[in-house]
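A short write-up of the structure that comes next.
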Amino acid sequence: MTLEMLVASAIGLLTAAGIYLCLRGRTFPVVLGLAMLSYAINVFLFSMGRLIVDRPPIYQKGVDAYTDPLPQALVLTAIVISFGMTALVVVLALRTYLETGTDHVDGTPDERDGPA
Amino acid sequence: MNHLLIVPIALPAFVAALTLLGMRRTLALGRAFSASACLALVLIALGLLWQASDGTITRYALGDWPAPFGIVLVLDRFSALMLLMTSLLALAVLVHVMVTGLDRRGWHFHPLFHFQLLGLNGAFLTGDLFNLFVFFEVLLIASYGLMLHGQGTARLQAGVQYVIINLVGSTLFLVAVGILYGVTGTLNMADLAVRVAAAPASDQGLIRAGAQLLIVVFALKAALLPLHLWLPRTYANTSAPVAALFAIMTKVGVYSIIRVTTLAFGDDAGAAAWAPASWMLPAALLTVVIGFIGLLAASRLFELAAFAIIGSTGTLLVAVALFEQSALAAAIYYLPHSTLAGALLFLTADLIARRRADLDDRLQPGPRHAGIEPLSLIFLLAAVALAGLPPLSGFVGKLLVLDAARDHAAAPWIWATILGTTFLAIIAFARAGSLLFWKSAQVETLPRTRPPDLRPLALLPASGLLALLALLTIFAGPATGYAGEAAAQLLSPQLYIETVLGGHRGGVR
């Protein structure tokens, strides 16, 4: 199995899990889903500079094989933002749970209590 | 190098930090700084508009790095107009917040407000796709804080949904940016335009996919039909002045759609040429219908205002979706009107809700209250503006959109939708107005708590917005002229590309 195949299927699997979890009704799975999605995106952005193994990320005259340093910088930015945002969602979800007594994303109680 | 271009981004950043660090304890000082910074932003935006009005495109290379490698800020007619509108709206909202004392109801209103302005101004000025993502994040993060400002259960619930949907949106944005970078190897929008035009046929499918994904993200911000579901609940449950400021958030989406499509995915883009054109028009027409039907279904004044924002942004997107010069000019004229009128309705709704004590903003007849006469007059004018009736600028804007659509294949649909929804809007606003004001004469019961009297100063921001709408109507000639020139500039992006990538090293013009 090539490296490309491995990375691509990992991104696909993470995205699928992320989308499934994002569509759940409770906040905790949704937060996990968002985290999964952001991991998938980080790997995806990284691989957009092509997968090149064991080469310096800096271009020099005379060097014909190097990795693209830009996606790495992009991934760094994306990681910082998604990390901060995940923390914010967790705090928000907790506050909502404490104020409303339910961790449903719609803020309504369980289904058996009937639609709100 | 013209350093005025960086000020709309640098000034809010400094003021936000100052009000956060030094003025937490003394509200008066923080307010003074905050308001004077807003006033300064208006003056700077006026200066930039004057600079851009003769058709020059100015670029500012950050750190003096040459264009495709460093980040550039670019000022043209369209972005100058957006800057001016943002600063005027911010000033009105800030005065309203200070008069009504919303900034007393929690910490950090002023820093969040200025970080929001930083993100907005940055999104309008940047010439780099990833930088656009970063400024989107800045304005979203600030908007999460502002949206939750003042707290309360309903606001928290709506806040969770708002944050989650925007996080998914940001994820999609990164996928789109990743695809475009992977295929073209650049993130600078001008460079992207050149490389998309030169892309081999085998890459064009991927570029088209990236373009569509990017436009979908912007459509989410602009609340285009299937992606509009987050808006009513968010806007109706946040504090009204914040919702008034958010009137420009949907326009950031519209701005980005126009900017990216005309620049990079125009006539030369091969398979990706005018990528969103095929599906955007039907979606926009349905958005208008849903928005104005929502007006009829609203049970609260803030819901009414939120659906009015969906409807008027939809009207704007109808004009944009034609991707043709006169329609784009109509859109650029209608855009400031739609923003200011939406904000005006929210500010008016806030003033009314404050006078109605425990009835708040529910659309139910209540007893007469202090200041009902001037408030009903302002509500009437706001309704006239949003429905698009003469004499205010909404009428001129809708007329321009209808005129531009006359030769289009879908003209009957566009005319029927816009005229029909205007009728719906009139009915809905008439119903709301008669419930709020007319029937108040029949209600005898006194409210349990006596609402505060209306201070004349509280009417100042709303009257200011009304005056701006009146100016937009009186000076419709110069305004449409400017809009036409801005549209022409957008649709022939060669000058933009040359200015950004041109031989001048380090942004010297």
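By convention here, the chains of the structure tokens are called A, B, ... in the order presented, each chain's residues are numbered starting at 1, and ligands are numbered starting at 1 in the order presented.
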
DSSP helix (DSSP H, G or I) residues within stretch 4-66 of chain A, listed as JSON, numbers by chain: {"A": [4, 5, 6, 7, 8, 9, 10, 11, 12, 13, 14, 15, 16, 17, 18, 19, 20, 21, 22, 27, 28, 29, 30, 31, 32, 33, 34, 35, 36, 37, 38, 39, 40, 41, 42, 43, 44, 45, 46, 47]}

Polymer residues at most 12 Å from stretch 85-102 of chain A, only C-alpha atoms, same-chain spacing of 2 or more positions, as a ChimeraX atom specification: /A:25-39,78-83,104-111 /B:137-138,140-142,144-145,148,151-168,170-171

Pick out the residues sitting within 7 Å of stretch 327-341 of chain B, and hand them over as a short mmCIF file (atom, residue, chain, number, x, y, z; two decimals) with C-alpha atoms, in the first residue's frame; count only C-alpha atoms, and ignore anything fewer than 3 positions along from it in its own chain.
data_model
loop_
_atom_site.label_atom_id
_atom_site.label_comp_id
_atom_site.auth_asym_id
_atom_site.auth_seq_id
_atom_site.Cartn_x
_atom_site.Cartn_y
_atom_site.Cartn_z
CA MET B 85 -20.46 51.05 5.34
CA LEU B 89 -22.90 50.94 10.89
CA ALA B 247 -26.54 42.72 9.50
CA ILE B 248 -23.16 43.19 7.87
CA SER B 312 -33.26 41.37 1.69
CA THR B 313 -29.95 39.49 1.49
CA LEU B 316 -29.22 41.07 -3.12
CA ALA B 319 -28.85 40.44 -8.45
CA VAL B 320 -25.43 38.93 -7.79
CA LEU B 322 -26.94 37.12 -12.72
CA PHE B 323 -23.16 37.84 -12.88
CA GLU B 324 -23.57 40.64 -15.36
CA LEU B 344 -32.28 50.10 11.53
CA LEU B 345 -35.09 47.59 12.02
CA ALA B 382 -37.85 51.19 8.61
CA ALA B 385 -37.13 50.89 3.64
CA LEU B 386 -37.03 47.10 4.07
CA SER B 393 -33.57 53.77 -1.26
CA GLY B 394 -34.94 50.22 -1.17
CA GLY B 397 -32.44 49.38 -5.38
CA LEU B 400 -32.41 48.68 -10.50
CA VAL B 401 -32.43 44.91 -9.86
CA ALA B 404 -31.08 44.67 -14.83
CA ALA B 405 -32.96 41.35 -14.96
CA LEU B 465 -29.30 55.31 10.03
CA LEU B 469 -30.85 55.87 3.92
CA ALA B 479 -24.34 56.44 -5.71
CA THR B 480 -25.52 54.42 -8.72
CA ALA B 483 -21.83 51.37 -8.07
CA GLY B 484 -21.69 51.10 -11.86
CA ALA B 487 -19.09 46.78 -11.01
#

Selection: 8 Å around B:Leu174, only C-alpha atoms, excl. self and same-chain fewer than 5 positions, as a PyMOL selection string: (chain A and resi 41+45) or (chain B and resi 133)

B:Val183 surroundings by only C-alpha atoms, 9 Å radius, close-in-sequence under 6 positions cut, as number ranges by chain: A: 48; B: 196, 199, 203-204, 206-207

Test item: residues at most 12 Å from B:Phe379, only C-alpha atoms, excluding those fewer than 2 positions along its chain, as number ranges by chain: B: 301, 305, 341-342, 344-352, 372-377, 381-387, 429-430, 432-434, 436-437, 459, 462-463, 466

Closest of B:Val99, B:Ala45, B:Leu490, B:Leu220 to B:Gly169 - atom-to-atom distances counting only C-alpha atoms: B:Leu220

Contacts of stretch 250-267 of chain B within 7 Å, only C-alpha atoms, excl. fewer than 2 positions in-chain, as a list in words: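 My reading of the contact set: Met189, Leu192, Ala193, Val196, Ile215, Phe218, Ala219, Lys221, Ala222, Ala223, Ala247, Ile248, Ala269, Ala272, Ala273, Trp274, Ala275, Leu490, Leu491 and Pro493 of chain B.
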
Please, could you write that set of residues out with C-alpha atoms as a PDB file, in the first residue's frame?
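Once everything was written out, this is selection-v2.pdb:
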ATOM      1  CA  MET B 189      -6.190  35.762  -5.228  1.00  0.00           C
ATOM      2  CA  LEU B 192      -4.880  32.411  -8.401  1.00  0.00           C
ATOM      3  CA  ALA B 193      -6.779  34.169 -11.201  1.00  0.00           C
ATOM      4  CA  VAL B 196      -6.684  29.194 -12.940  1.00  0.00           C
ATOM      5  CA  ILE B 215     -18.856  29.619  -2.780  1.00  0.00           C
ATOM      6  CA  PHE B 218     -19.671  32.058   1.532  1.00  0.00           C
ATOM      7  CA  ALA B 219     -23.324  31.185   0.862  1.00  0.00           C
ATOM      8  CA  LYS B 221     -22.394  33.160   5.739  1.00  0.00           C
ATOM      9  CA  ALA B 222     -24.815  34.951   3.418  1.00  0.00           C
ATOM     10  CA  ALA B 223     -27.682  32.639   4.554  1.00  0.00           C
ATOM     11  CA  ALA B 247     -26.544  42.715   9.497  1.00  0.00           C
ATOM     12  CA  ILE B 248     -23.164  43.193   7.872  1.00  0.00           C
ATOM     13  CA  ALA B 269     -11.460  30.234 -15.827  1.00  0.00           C
ATOM     14  CA  ALA B 272     -14.677  26.816 -13.381  1.00  0.00           C
ATOM     15  CA  ALA B 273     -15.986  29.924 -15.197  1.00  0.00           C
ATOM     16  CA  TRP B 274     -18.890  31.438 -13.255  1.00  0.00           C
ATOM     17  CA  ALA B 275     -19.026  28.209 -11.243  1.00  0.00           C
ATOM     18  CA  LEU B 490     -14.855  44.081 -10.712  1.00  0.00           C
ATOM     19  CA  LEU B 491     -15.704  42.595 -14.084  1.00  0.00           C
ATOM     20  CA  PRO B 493      -9.920  42.337 -13.154  1.00  0.00           C
TER      21      PRO B 493
END
